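Asker: Input start.txt, format and content: compact mmCIF, C-alpha atoms and all ligand atoms.
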```
# COMPACT_ATOMS: atom_id res chain seq x y z
CA MET P 1 25.77 -25.22 -15.37
CA LYS P 2 24.67 -21.92 -16.92
CA LYS P 3 24.86 -18.80 -14.77
CA ALA P 4 22.44 -15.87 -14.96
CA LEU P 5 22.37 -12.48 -13.29
CA ILE P 6 18.98 -10.85 -12.79
CA THR P 7 18.66 -7.20 -11.80
CA GLY P 8 15.22 -6.49 -10.35
CA ILE P 9 14.98 -10.03 -8.96
CA THR P 10 12.79 -8.81 -6.10
CA GLY P 11 10.17 -7.48 -8.53
CA GLN P 12 7.25 -9.28 -10.16
CA ASP P 13 9.11 -10.43 -13.27
CA GLY P 14 12.41 -11.06 -11.50
CA SER P 15 10.76 -13.53 -9.14
CA TYR P 16 9.10 -15.52 -11.95
CA LEU P 17 12.27 -15.46 -14.04
CA ALA P 18 14.35 -16.71 -11.11
CA GLU P 19 11.90 -19.61 -10.69
CA LEU P 20 12.06 -20.42 -14.39
CA LEU P 21 15.86 -20.38 -14.58
CA LEU P 22 16.25 -22.45 -11.41
CA SER P 23 13.82 -24.99 -12.88
CA LYS P 24 16.05 -25.14 -15.96
CA GLY P 25 19.12 -25.91 -13.84
CA TYR P 26 20.74 -22.46 -13.90
CA GLU P 27 22.80 -20.95 -11.11
CA VAL P 28 20.93 -17.70 -10.48
CA HIS P 29 22.42 -14.50 -9.12
CA GLY P 30 20.22 -11.57 -8.16
CA LEU P 31 20.99 -7.93 -7.52
CA ILE P 32 19.13 -6.59 -4.51
CA ARG P 33 19.01 -3.13 -2.99
CA ARG P 34 19.85 -2.49 0.62
CA SER P 35 16.60 -1.57 2.32
CA SER P 36 15.71 -0.74 5.93
CA SER P 37 13.01 -3.41 5.80
CA PHE P 38 12.87 -6.76 4.00
CA ASN P 39 12.20 -6.41 0.28
CA THR P 40 12.54 -10.06 -0.77
CA ALA P 41 8.99 -11.31 -0.15
CA ARG P 42 8.52 -12.42 -3.77
CA ILE P 43 11.62 -14.64 -3.71
CA ASP P 44 11.70 -15.82 -0.10
CA HIS P 45 10.28 -19.20 -1.16
CA LEU P 46 13.33 -19.66 -3.41
CA TYR P 47 15.91 -18.67 -0.81
CA GLN P 48 18.70 -21.15 -0.14
CA ASP P 49 21.35 -20.86 2.53
CA PRO P 50 24.50 -19.89 0.60
CA HIS P 51 26.44 -22.32 2.84
CA ASP P 52 24.43 -25.18 1.33
CA PRO P 53 26.78 -26.87 -1.17
CA PHE P 54 23.81 -27.37 -3.52
CA ALA P 55 22.61 -23.74 -3.35
CA ARG P 56 21.91 -22.27 -6.80
CA LEU P 57 20.42 -18.90 -5.83
CA PHE P 58 22.73 -16.12 -4.65
CA LEU P 59 21.78 -12.54 -3.80
CA HIS P 60 24.17 -9.59 -3.97
CA TYR P 61 23.75 -6.04 -2.77
CA GLY P 62 23.99 -3.45 -5.51
CA ASP P 63 22.13 -0.69 -7.28
CA LEU P 64 21.85 0.43 -10.89
CA SER P 65 23.05 3.86 -9.75
CA ASP P 66 26.44 2.39 -8.71
CA GLY P 67 28.45 1.60 -11.83
CA ALA P 68 31.66 0.57 -10.05
CA ARG P 69 29.75 -2.03 -8.05
CA LEU P 70 28.24 -3.43 -11.25
CA VAL P 71 31.70 -3.88 -12.82
CA THR P 72 33.02 -5.74 -9.76
CA LEU P 73 29.94 -7.92 -9.52
CA LEU P 74 29.88 -8.89 -13.18
CA GLY P 75 33.58 -9.70 -13.08
CA SER P 76 33.17 -11.95 -10.05
CA ILE P 77 30.00 -13.75 -11.21
CA ASP P 78 30.94 -14.02 -14.90
CA PRO P 79 27.37 -14.84 -15.97
CA ASP P 80 26.34 -16.40 -19.28
CA GLU P 81 23.13 -14.35 -19.33
CA VAL P 82 22.24 -10.97 -17.84
CA TYR P 83 18.60 -9.91 -17.51
CA ASN P 84 18.21 -6.20 -16.80
CA LEU P 85 14.77 -5.98 -15.21
CA ALA P 86 15.52 -3.33 -12.57
CA ALA P 87 13.78 0.01 -13.00
CA GLN P 88 11.64 2.63 -11.37
CA SER P 89 8.75 1.04 -13.22
CA HIS P 90 5.72 3.12 -12.24
CA VAL P 91 4.58 5.49 -15.01
CA ARG P 92 2.57 7.84 -12.78
CA VAL P 93 5.43 8.06 -10.25
CA SER P 94 7.85 8.94 -13.07
CA PHE P 95 6.09 12.32 -13.36
CA ASP P 96 6.83 12.94 -9.66
CA GLU P 97 10.40 11.62 -9.84
CA PRO P 98 11.52 12.25 -13.43
CA GLU P 99 15.22 12.64 -12.64
CA HIS P 100 15.42 9.52 -10.46
CA THR P 101 13.48 7.60 -13.12
CA GLY P 102 15.90 8.77 -15.81
CA ASP P 103 18.85 7.74 -13.65
CA THR P 104 17.58 4.23 -12.89
CA THR P 105 15.36 3.29 -15.82
CA GLY P 106 17.54 5.03 -18.43
CA ILE P 107 21.16 5.56 -17.37
CA GLY P 108 21.07 2.43 -15.19
CA SER P 109 20.97 0.33 -18.36
CA VAL P 110 24.10 1.89 -19.85
CA ARG P 111 25.87 1.45 -16.52
CA LEU P 112 25.09 -2.25 -16.69
CA LEU P 113 26.03 -2.60 -20.36
CA GLU P 114 29.25 -0.73 -19.74
CA ALA P 115 29.95 -2.97 -16.74
CA VAL P 116 29.62 -6.00 -19.04
CA ARG P 117 32.18 -4.41 -21.34
CA GLN P 118 34.54 -3.21 -18.60
CA ALA P 119 34.47 -6.58 -16.85
CA GLY P 120 35.51 -8.13 -20.16
CA ILE P 121 32.96 -10.95 -20.01
CA ARG P 122 31.08 -12.61 -22.87
CA CYS P 123 27.41 -12.88 -22.01
CA ARG P 124 23.98 -12.48 -23.52
CA TYR P 125 22.06 -9.41 -22.36
CA TYR P 126 18.30 -8.87 -22.06
CA GLN P 127 16.86 -5.36 -21.72
CA ALA P 128 13.34 -4.95 -20.27
CA SER P 129 11.92 -2.55 -22.82
CA SER P 130 8.30 -1.49 -22.73
CA SER P 131 5.18 -0.83 -24.79
CA GLU P 132 5.20 2.57 -23.04
CA MET P 133 7.85 3.55 -25.61
CA PHE P 134 5.07 3.55 -28.26
CA GLY P 135 3.00 5.96 -26.17
CA ALA P 136 0.94 8.03 -28.58
CA SER P 137 1.64 5.90 -31.68
CA PRO P 138 -1.67 4.32 -32.67
CA PRO P 139 -2.21 0.54 -32.32
CA PRO P 140 -1.52 -2.15 -33.27
CA GLN P 141 2.14 -1.67 -32.28
CA ASN P 142 5.00 -3.95 -33.35
CA GLU P 143 8.80 -3.84 -33.62
CA ASP P 144 8.59 -1.30 -36.49
CA THR P 145 6.22 1.16 -34.82
CA LEU P 146 7.55 4.66 -34.16
CA PHE P 147 8.34 5.47 -30.53
CA TYR P 148 6.39 8.39 -29.04
CA PRO P 149 6.78 8.16 -25.27
CA ARG P 150 4.32 10.06 -23.09
CA SER P 151 6.09 9.99 -19.71
CA PRO P 152 9.55 10.34 -18.19
CA TYR P 153 9.40 6.57 -17.71
CA GLY P 154 8.65 5.96 -21.41
CA ALA P 155 11.41 8.37 -22.46
CA ALA P 156 13.93 6.63 -20.17
CA LYS P 157 12.97 3.25 -21.66
CA VAL P 158 13.51 4.62 -25.19
CA TYR P 159 17.03 5.61 -24.15
CA SER P 160 17.67 2.11 -22.76
CA TYR P 161 16.28 0.54 -25.92
CA TRP P 162 18.64 2.48 -28.17
CA VAL P 163 21.71 2.09 -26.00
CA THR P 164 21.10 -1.68 -25.98
CA ARG P 165 20.95 -1.68 -29.76
CA ASN P 166 24.05 0.47 -29.88
CA TYR P 167 26.06 -1.98 -27.75
CA ARG P 168 24.89 -4.77 -30.05
CA GLU P 169 26.04 -2.89 -33.15
CA ALA P 170 29.16 -1.23 -31.72
CA TYR P 171 30.63 -4.10 -29.72
CA GLY P 172 28.98 -7.21 -31.17
CA LEU P 173 27.29 -7.94 -27.84
CA PHE P 174 24.38 -10.41 -27.98
CA ALA P 175 21.99 -7.77 -26.58
CA VAL P 176 18.23 -7.81 -27.13
CA ASN P 177 15.20 -5.73 -26.26
CA GLY P 178 12.04 -7.46 -25.14
CA ILE P 179 9.31 -4.90 -25.81
CA LEU P 180 6.74 -6.21 -23.40
CA PHE P 181 3.15 -5.08 -23.12
CA ASN P 182 1.52 -5.00 -19.68
CA HIS P 183 1.72 -8.30 -17.85
CA GLU P 184 0.29 -8.99 -14.46
CA SER P 185 -0.03 -11.65 -11.79
CA PRO P 186 -0.81 -12.08 -8.11
CA ARG P 187 2.74 -10.79 -7.54
CA ARG P 188 2.05 -7.50 -9.35
CA GLY P 189 2.93 -4.37 -7.36
CA GLU P 190 -0.08 -3.15 -5.39
CA THR P 191 -0.24 0.30 -7.03
CA PHE P 192 -0.54 -0.90 -10.64
CA VAL P 193 -4.12 -0.76 -11.81
CA THR P 194 -4.94 -4.49 -12.09
CA ARG P 195 -3.60 -5.40 -8.66
CA LYS P 196 -5.10 -2.28 -7.11
CA ILE P 197 -8.45 -3.48 -8.43
CA THR P 198 -8.13 -7.15 -7.43
CA ARG P 199 -6.88 -6.31 -3.91
CA ALA P 200 -9.79 -3.93 -3.51
CA VAL P 201 -12.24 -6.61 -4.68
CA ALA P 202 -10.94 -8.98 -2.00
CA ARG P 203 -11.17 -6.32 0.69
CA ILE P 204 -14.60 -5.10 -0.33
CA LYS P 205 -15.82 -8.70 -0.36
CA ALA P 206 -14.37 -9.18 3.15
CA GLY P 207 -16.05 -5.98 4.34
CA VAL P 208 -12.84 -4.13 5.20
CA GLN P 209 -13.00 -1.61 2.35
CA LYS P 210 -15.88 0.23 0.75
CA ASP P 211 -14.59 2.59 -1.92
CA LEU P 212 -11.97 2.25 -4.65
CA TYR P 213 -10.49 5.53 -5.91
CA MET P 214 -9.50 5.36 -9.58
CA GLY P 215 -8.31 7.56 -12.45
CA ASN P 216 -8.89 7.10 -16.19
CA LEU P 217 -11.14 4.11 -16.88
CA ASP P 218 -11.05 4.55 -20.67
CA ALA P 219 -7.38 3.60 -21.16
CA VAL P 220 -6.95 0.52 -23.36
CA ARG P 221 -4.29 -2.01 -22.41
CA ASP P 222 -3.14 -5.42 -23.63
CA TRP P 223 -2.80 -7.36 -20.37
CA GLY P 224 -1.02 -10.73 -20.30
CA TYR P 225 0.11 -13.14 -17.60
CA ALA P 226 3.64 -12.53 -16.23
CA PRO P 227 4.87 -16.18 -15.98
CA GLU P 228 4.31 -16.59 -19.74
CA TYR P 229 6.26 -13.39 -20.46
CA VAL P 230 9.40 -14.42 -18.56
CA GLU P 231 9.47 -17.58 -20.69
CA GLY P 232 9.55 -15.23 -23.70
CA MET P 233 12.50 -13.32 -22.21
CA TRP P 234 14.46 -16.54 -21.83
CA ARG P 235 13.65 -17.64 -25.39
CA MET P 236 15.01 -14.34 -26.75
CA LEU P 237 18.40 -15.13 -25.24
CA GLN P 238 18.41 -18.68 -26.67
CA ALA P 239 17.91 -17.50 -30.28
CA ASP P 240 20.66 -17.93 -32.89
CA GLU P 241 20.84 -14.21 -33.59
CA PRO P 242 20.10 -11.24 -31.34
CA SER P 243 16.95 -9.35 -32.25
CA ASP P 244 14.23 -7.26 -30.59
CA TYR P 245 10.77 -8.71 -29.93
CA VAL P 246 7.31 -7.55 -28.90
CA LEU P 247 5.48 -9.80 -26.42
CA ALA P 248 1.73 -9.17 -26.14
CA THR P 249 -1.64 -10.92 -26.27
CA GLY P 250 -2.97 -8.72 -29.09
CA VAL P 251 -6.31 -8.45 -27.27
CA PRO P 252 -7.45 -5.03 -25.99
CA PHE P 253 -9.43 -4.28 -22.82
CA THR P 254 -10.22 -1.00 -21.08
CA VAL P 255 -9.59 -0.41 -17.39
CA ARG P 256 -13.40 -0.42 -17.07
CA ASP P 257 -13.53 -3.91 -18.65
CA PHE P 258 -10.98 -5.16 -16.14
CA LEU P 259 -13.02 -3.69 -13.28
CA GLN P 260 -16.10 -5.46 -14.62
CA HIS P 261 -14.38 -8.87 -14.86
CA ALA P 262 -12.75 -8.59 -11.43
CA PHE P 263 -15.84 -7.40 -9.55
CA ASP P 264 -18.16 -9.83 -11.39
CA HIS P 265 -15.95 -12.73 -10.34
CA ALA P 266 -16.59 -11.88 -6.68
CA GLY P 267 -20.30 -11.26 -7.24
CA LEU P 268 -19.92 -7.48 -6.80
CA ASP P 269 -20.93 -4.47 -8.93
CA TRP P 270 -17.98 -2.12 -9.50
CA ARG P 271 -20.34 0.85 -9.94
CA ASP P 272 -21.24 0.62 -6.24
CA HIS P 273 -17.63 1.13 -5.18
CA VAL P 274 -15.49 2.97 -7.73
CA VAL P 275 -15.01 6.69 -7.10
CA PHE P 276 -13.16 8.99 -9.50
CA ASP P 277 -10.05 10.69 -8.08
CA GLU P 278 -8.07 13.00 -10.34
CA ARG P 279 -4.83 12.30 -8.45
CA TYR P 280 -4.58 9.05 -10.44
CA LEU P 281 -4.65 10.85 -13.80
CA ARG P 282 -1.37 11.40 -15.64
CA PRO P 283 -0.31 14.75 -17.17
CA THR P 284 -0.07 12.90 -20.49
CA GLU P 285 -1.87 9.56 -20.85
CA VAL P 286 -1.17 6.62 -23.12
CA ASP P 287 -4.62 5.95 -24.56
CA SER P 288 -4.26 2.65 -26.32
CA LEU P 289 -1.66 -0.11 -26.41
CA ILE P 290 -2.41 -3.27 -28.39
CA GLY P 291 0.56 -5.39 -29.34
CA ASP P 292 1.32 -7.45 -32.41
CA ALA P 293 3.61 -10.28 -31.26
CA SER P 294 3.70 -12.19 -34.55
CA LYS P 295 7.51 -11.91 -34.86
CA ALA P 296 7.96 -13.63 -31.47
CA GLU P 297 5.52 -16.35 -32.51
CA LEU P 298 7.31 -16.93 -35.81
CA ASP P 299 10.92 -16.85 -34.54
CA LEU P 300 10.59 -18.04 -30.95
CA GLY P 301 7.37 -20.07 -30.98
CA TRP P 302 6.09 -17.80 -28.17
CA ARG P 303 2.38 -17.07 -27.83
CA ALA P 304 0.35 -15.67 -24.93
CA ALA P 305 -2.41 -17.97 -23.67
CA VAL P 306 -4.00 -16.15 -20.72
CA ARG P 307 -6.26 -13.18 -21.54
CA ALA P 308 -7.48 -10.37 -19.27
CA PRO P 309 -10.76 -11.99 -18.09
CA GLU P 310 -8.93 -15.11 -16.90
CA LEU P 311 -6.13 -12.97 -15.48
CA ALA P 312 -8.66 -10.98 -13.45
CA ARG P 313 -10.07 -14.22 -12.03
CA ILE P 314 -6.60 -15.58 -11.16
CA MET P 315 -5.68 -12.34 -9.39
CA VAL P 316 -8.98 -11.95 -7.52
CA ASP P 317 -8.80 -15.55 -6.28
CA ALA P 318 -5.21 -15.01 -5.13
CA ASP P 319 -6.05 -11.78 -3.30
CA ILE P 320 -9.06 -13.36 -1.60
CA ALA P 321 -6.86 -16.28 -0.48
CA ALA P 322 -4.09 -13.90 0.68
CA LEU P 323 -6.52 -11.85 2.72
CA LYS P 324 -7.86 -15.01 4.37
CA CYS P 325 -4.31 -16.09 5.26
CA GLU P 326 -3.55 -12.64 6.58
CA GLY P 327 -6.59 -13.12 8.85
CA THR P 328 -9.07 -10.33 9.30
CA GLU P 329 -9.76 -11.01 12.98
CA TRP P 330 -6.98 -8.90 14.38
CA ILE P 331 -7.22 -6.10 11.83
CA ASP P 332 -8.35 -2.76 13.14
CA LYS P 333 -11.02 -2.23 10.47
CA PRO P 334 -11.39 1.58 10.64
CA GLN P 335 -7.59 1.87 10.43
CA LEU P 336 -7.45 -0.47 7.42
CA LEU P 337 -10.19 1.52 5.74
CA ALA P 338 -8.18 4.72 6.26
CA TRP P 339 -5.05 3.12 4.80
CA SER P 340 -6.81 1.74 1.76
CA ARG P 341 -8.35 5.16 1.08
CA ALA P 342 -4.92 6.78 1.22
CA SER P 343 -3.22 4.27 -1.11
P1 LIG L 401 8.73 -4.16 -10.50
O1 LIG L 401 8.45 -2.72 -10.23
O2 LIG L 401 7.87 -5.20 -9.87
O3 LIG L 401 10.25 -4.48 -10.09
C1 LIG L 401 11.27 -3.55 -10.30
C2 LIG L 401 12.55 -4.12 -9.73
O4 LIG L 401 13.61 -3.18 -9.93
C3 LIG L 401 12.52 -4.38 -8.21
O5 LIG L 401 13.25 -5.55 -7.94
C4 LIG L 401 13.25 -3.17 -7.65
O6 LIG L 401 13.84 -3.41 -6.40
C5 LIG L 401 14.31 -3.00 -8.71
N1 LIG L 401 14.95 -1.68 -8.70
C6 LIG L 401 14.36 -0.48 -8.77
N2 LIG L 401 15.28 0.50 -8.78
C7 LIG L 401 16.50 -0.11 -8.70
C8 LIG L 401 17.82 0.35 -8.67
N3 LIG L 401 18.12 1.65 -8.71
N4 LIG L 401 18.82 -0.55 -8.59
C9 LIG L 401 18.56 -1.88 -8.54
N5 LIG L 401 17.31 -2.39 -8.57
C10 LIG L 401 16.28 -1.50 -8.65
O7 LIG L 401 8.73 -4.33 -12.08
P2 LIG L 401 8.23 -5.56 -12.99
O8 LIG L 401 8.77 -6.81 -12.43
O9 LIG L 401 6.78 -5.41 -13.25
O10 LIG L 401 8.96 -5.21 -14.37
C11 LIG L 401 10.30 -5.65 -14.62
C12 LIG L 401 10.92 -4.74 -15.68
O11 LIG L 401 10.15 -4.81 -16.88
C13 LIG L 401 10.97 -3.26 -15.32
O12 LIG L 401 12.13 -2.73 -15.90
C14 LIG L 401 9.74 -2.67 -15.99
O13 LIG L 401 9.93 -1.30 -16.26
C15 LIG L 401 9.71 -3.51 -17.25
N6 LIG L 401 8.39 -3.71 -17.84
C16 LIG L 401 7.37 -4.21 -17.08
C17 LIG L 401 6.15 -4.48 -17.66
C18 LIG L 401 5.01 -5.02 -16.87
O14 LIG L 401 3.89 -4.97 -17.36
N7 LIG L 401 5.25 -5.58 -15.67
C19 LIG L 401 5.93 -4.24 -19.12
C20 LIG L 401 7.10 -3.75 -19.81
C21 LIG L 401 8.28 -3.51 -19.19
P3 LIG L 401 13.00 -3.21 -5.01
O15 LIG L 401 12.19 -4.46 -4.84
O16 LIG L 401 14.08 -3.06 -4.01
O17 LIG L 401 12.14 -2.00 -5.19
P1 LIG L 402 1.00 1.29 -17.01
O1 LIG L 402 0.30 0.50 -15.81
O2 LIG L 402 1.04 2.74 -16.78
O3 LIG L 402 0.35 0.81 -18.28
O4 LIG L 402 2.51 0.75 -16.90
P2 LIG L 402 -0.73 0.94 -14.70
O5 LIG L 402 -1.34 -0.31 -14.21
O6 LIG L 402 -0.12 1.85 -13.69
O7 LIG L 402 -1.83 1.81 -15.51
C1 LIG L 402 -2.62 1.25 -16.56
C2 LIG L 402 -3.70 2.23 -16.95
O8 LIG L 402 -4.64 2.32 -15.88
C3 LIG L 402 -4.99 3.69 -15.71
N1 LIG L 402 -5.49 3.91 -14.35
C4 LIG L 402 -4.79 3.74 -13.21
N2 LIG L 402 -3.52 3.32 -13.01
C5 LIG L 402 -3.09 3.21 -11.73
N3 LIG L 402 -1.85 2.76 -11.49
N4 LIG L 402 -3.89 3.55 -10.66
C6 LIG L 402 -5.17 3.99 -10.82
O9 LIG L 402 -5.89 4.27 -9.87
C7 LIG L 402 -5.65 4.08 -12.16
N5 LIG L 402 -6.86 4.43 -12.70
C8 LIG L 402 -6.74 4.32 -14.01
C9 LIG L 402 -3.70 4.43 -16.01
O10 LIG L 402 -3.96 5.81 -16.26
C10 LIG L 402 -3.20 3.65 -17.21
O11 LIG L 402 -3.79 4.13 -18.38
C11 LIG L 402 2.79 -0.61 -16.69
C12 LIG L 402 4.11 -0.70 -15.88
O12 LIG L 402 4.31 -2.04 -15.50
C13 LIG L 402 5.28 -0.26 -16.73
O13 LIG L 402 6.50 -0.51 -16.03
C14 LIG L 402 5.27 -1.04 -18.04
O14 LIG L 402 6.33 -0.64 -18.86
C15 LIG L 402 3.94 -0.85 -18.77
O15 LIG L 402 2.90 -1.31 -17.91
C16 LIG L 402 3.86 -1.64 -20.06
```
In structure tokens, write the structure found in this file.
Ligand code: NDP
Ligand code: GDR

Answerer:
Amino acid sequence: MKKALITGITGQDGSYLAELLLSKGYEVHGLIRRSSSFNTARIDHLYQDPHDPFARLFLHYGDLSDGARLVTLLGSIDPDEVYNLAAQSHVRVSFDEPEHTGDTTGIGSVRLLEAVRQAGIRCRYYQASSSEMFGASPPPQNEDTLFYPRSPYGAAKVYSYWVTRNYREAYGLFAVNGILFNHESPRRGETFVTRKITRAVARIKAGVQKDLYMGNLDAVRDWGYAPEYVEGMWRMLQADEPSDYVLATGVPFTVRDFLQHAFDHAGLDWRDHVVFDERYLRPTEVDSLIGDASKAELDLGWRAAVRAPELARIMVDADIAALKCEGTEWIDKPQLLAWSRAS
């Protein structure tokens, strides 16, 4: 049975990847952070009692800021594959917390790579690199496009990209970068733009929210569907030779387009609800990301199927269903309105 370690297993991608690997018969180990409240909602449905002799999912406390812990953990698990998905992943927040972002999203990767080396294990290593590394380089962007990051987050990811390549070249490690363009799902964090929009659509439809405060609506993004992208990550580690790959749909949409698709699906007009708020602007914006994933299609047979309009419908439906489950009866509506305005 193959063993995999996933950092960031409690995040959007980590949860889908854990599902995929379990479905393929892997034993899956996940790194989770100690938190004062539960932070495992995305993987609770996969949880198995570790006393169960057939359990194949195991969670371990750890943090990318704690290198010694990573060495011990890698030595004891001895995984065949390591997926480094953990990061402070919010671009806007990286301007508020640049040093923390550098420590987790940048240095965290070299701590993990060094832990692989120090533990003396032979494994394949996946680094969650990002289209944000291209930043101001004009589209379409592929594996040969110059990096020009526009945020502390993007700069930290460039560091992780190069250190991953360096460990491949210096130590012969099977280490790859997946350069993934934006990918979303009903499990997307609530403060990323697509989920912020689809949650708001559900709440506006239910009458518990009126306004949606937004920043730059002109930004162009290449939005795909997260479950398809984790399949691409896995394929990268099954290749004969290690190499870096872009995963993207190749189809551009603006934030305004996404608003239109999401609100239309619920029979609403976004213009009646969206209010500009400069707090959601970034000091330096990434204007346009449109990926060219032809290398992944050629080498790995990977191709994105879901496009932004369908994605918006999937996410709106999921948020409407989630709100119904949550039940609106007991909600203090003025309080909810105040919270949604503040978030
Ligand atoms: P999320 O923000 O949903 O998940 C991030 C994960 O990292 C969470 O599990 C979080 O734990 C964990 N984490 C954060 N800091 C630390 C730390 N110091 N030590 C250990 N774990 C930590 O991200 P996504 O799932 O969307 O993305 C996965 C990866 O892919 C990230 O590295 C992201 O930067 C990158 N990426 C994402 C893209 C996207 O469109 N989704 C595109 C390109 C790259 P907790 O739950 O406790 O907060
Ligand atoms: P991004 O995603 O920065 O591309 O990073 P995000 O959804 O945060 O922003 C996309 C675009 O929408 C604009 N925008 C807003 N964004 C947010 N969050 N909130 C708003 O109110 C808002 N209004 C407009 C932004 O300015 C931006 O142009 C994501 C993350 O998952 C990264 O970890 C990943 O590496 C990249 O995608 C690829």

Asker: Calculate, to one decimal in Å, the centre and edge lengths of the box along x, y and z of the file that holds all listed atoms of region 199-209 of chain P with 5 Å of margin on each side, and present them as JSON.

Answerer:
```
{"center_x": -11.5, "center_y": -5.4, "center_z": 0.3, "size_x": 19.2, "size_y": 17.6, "size_z": 19.9}
```

Asker: Set the cut-off to 7 Å, count only C-alpha atoms and all ligand atoms, and list whatever residues fall near ligand LIG 402 (chain L) as a PyMOL selection string.

Answerer: chain P and resi 89-92+130-132+180-182+191-194+196+213-217+219-221+255+280-282+285-287

Asker: Could you tell me how far CA of Val93 (chain P) lies from CA of Gly178 (chain P), in Å and to one decimal?

Answerer: 22.5 Å

Asker: With distances taken over all atoms listed in the file, which residue among P:Leu173, P:Leu300, P:Leu57, P:Ala156 lies nearest ligand LIG 401 (chain L)?

Answerer: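 Closest to ligand LIG 401 (chain L), using all atoms listed in the file: P:Ala156.
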
Asker: 6 Å from ligand LIG 401 (chain L) is the threshold here; counting only C-alpha atoms and all ligand atoms, which polymer residues fall inside it? Answer as a PyMOL selection string.

Answerer: chain P and resi 7-14+33+39+63-65+85-89+104+128-130+180-183+189

Asker: List the neighbours of Ala226 (chain P) out to 12 Å using only C-alpha atoms; skip same-chain residues closer than 5 positions along the sequence, and give me the result as number ranges by chain.

Answerer: P: 11-17, 20, 180-188, 231-233, 247-249, 304-308, 311, 314-315

Asker: For Thr284 (chain P), which residue among P:Pro149, P:Ala312, P:His261, P:Ile179 is the nearest when counting all atoms listed in the file?

Answerer: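 Answer, going by the shortest atom-to-atom distance: P:Pro149.
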
Asker: As an exercise, work out the distance from CA of Leu59 (chain P) to CA of Arg111 (chain P) in Å and give it to one decimal place.

Answerer: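 Between CA of Leu59 (chain P) and CA of Arg111 (chain P) the gap works out to 19.3 Å.
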
Asker: From the set P:Ala18, P:Leu212, P:Val71, P:Leu289, which residue has the shortest atom-to-atom contact distance to Arg271 (chain P), counting all atoms listed in the file?

Answerer: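 Between P:Ala18, P:Leu212, P:Val71, P:Leu289, the residue approaching Arg271 (chain P) most closely is P:Leu212.
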
Asker: Report, in Å with one decimal, the straight-line distance from CA of Thr254 (chain P) to CA of Lys210 (chain P).

Answerer: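 Separation of CA of Thr254 (chain P) and CA of Lys210 (chain P): 22.6 Å.
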
Asker: Applying 12 Å and all atoms listed in the file, which residues near Ser76 (chain P) remain after dropping the ones on its own chain fewer than 4 positions away? List them as a ChimeraX atom specification.

Answerer: /P:3,5,29,60,69-72,115-116,119-121

Asker: P:Val176, P:Ile290, P:Leu259, P:Ala202: which is nearest Tyr245 (chain P), counting only C-alpha atoms?

Answerer: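 Ranked by minimum distance to Tyr245 (chain P), first place goes to P:Val176.
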
Asker: Write out as a list of chain:residue names each polymer residue whose atoms come within 7 Å of Ala262 (chain P), counting only C-alpha atoms; drop sequence neighbours fewer than 6 positions from it.

Answerer: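 Surrounding residues, per the criterion: P:Thr198, P:Ala312, P:Arg313, P:Val316.
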
Asker: Write region 149-159 of chain P as a compact mmCIF listing (two decimals), keeping the file's coordinate frame, completed to N, CA and C atoms.

Answerer:
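What follows is the written file result_14.txt:
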```txt
# COMPACT_ATOMS: atom_id res chain seq x y z
N PRO P 149 7.06 8.33 -26.70
CA PRO P 149 6.78 8.16 -25.27
C PRO P 149 5.99 9.33 -24.70
N ARG P 150 5.20 9.04 -23.68
CA ARG P 150 4.32 10.06 -23.09
C ARG P 150 4.59 10.28 -21.60
N SER P 151 5.76 9.81 -21.14
CA SER P 151 6.09 9.99 -19.71
C SER P 151 7.61 9.96 -19.56
N PRO P 152 8.11 10.49 -18.45
CA PRO P 152 9.55 10.34 -18.19
C PRO P 152 9.97 8.88 -18.19
N TYR P 153 9.10 8.01 -17.70
CA TYR P 153 9.40 6.57 -17.71
C TYR P 153 9.56 6.07 -19.16
N GLY P 154 8.59 6.41 -20.01
CA GLY P 154 8.65 5.96 -21.41
C GLY P 154 9.89 6.49 -22.11
N ALA P 155 10.23 7.77 -21.83
CA ALA P 155 11.41 8.37 -22.46
C ALA P 155 12.68 7.67 -21.99
N ALA P 156 12.74 7.32 -20.70
CA ALA P 156 13.93 6.63 -20.17
C ALA P 156 14.06 5.24 -20.81
N LYS P 157 12.93 4.58 -21.03
CA LYS P 157 12.97 3.25 -21.66
C LYS P 157 13.41 3.35 -23.12
N VAL P 158 13.05 4.44 -23.80
CA VAL P 158 13.51 4.62 -25.19
C VAL P 158 15.04 4.74 -25.20
N TYR P 159 15.57 5.49 -24.24
CA TYR P 159 17.03 5.61 -24.15
C TYR P 159 17.66 4.22 -23.97
```
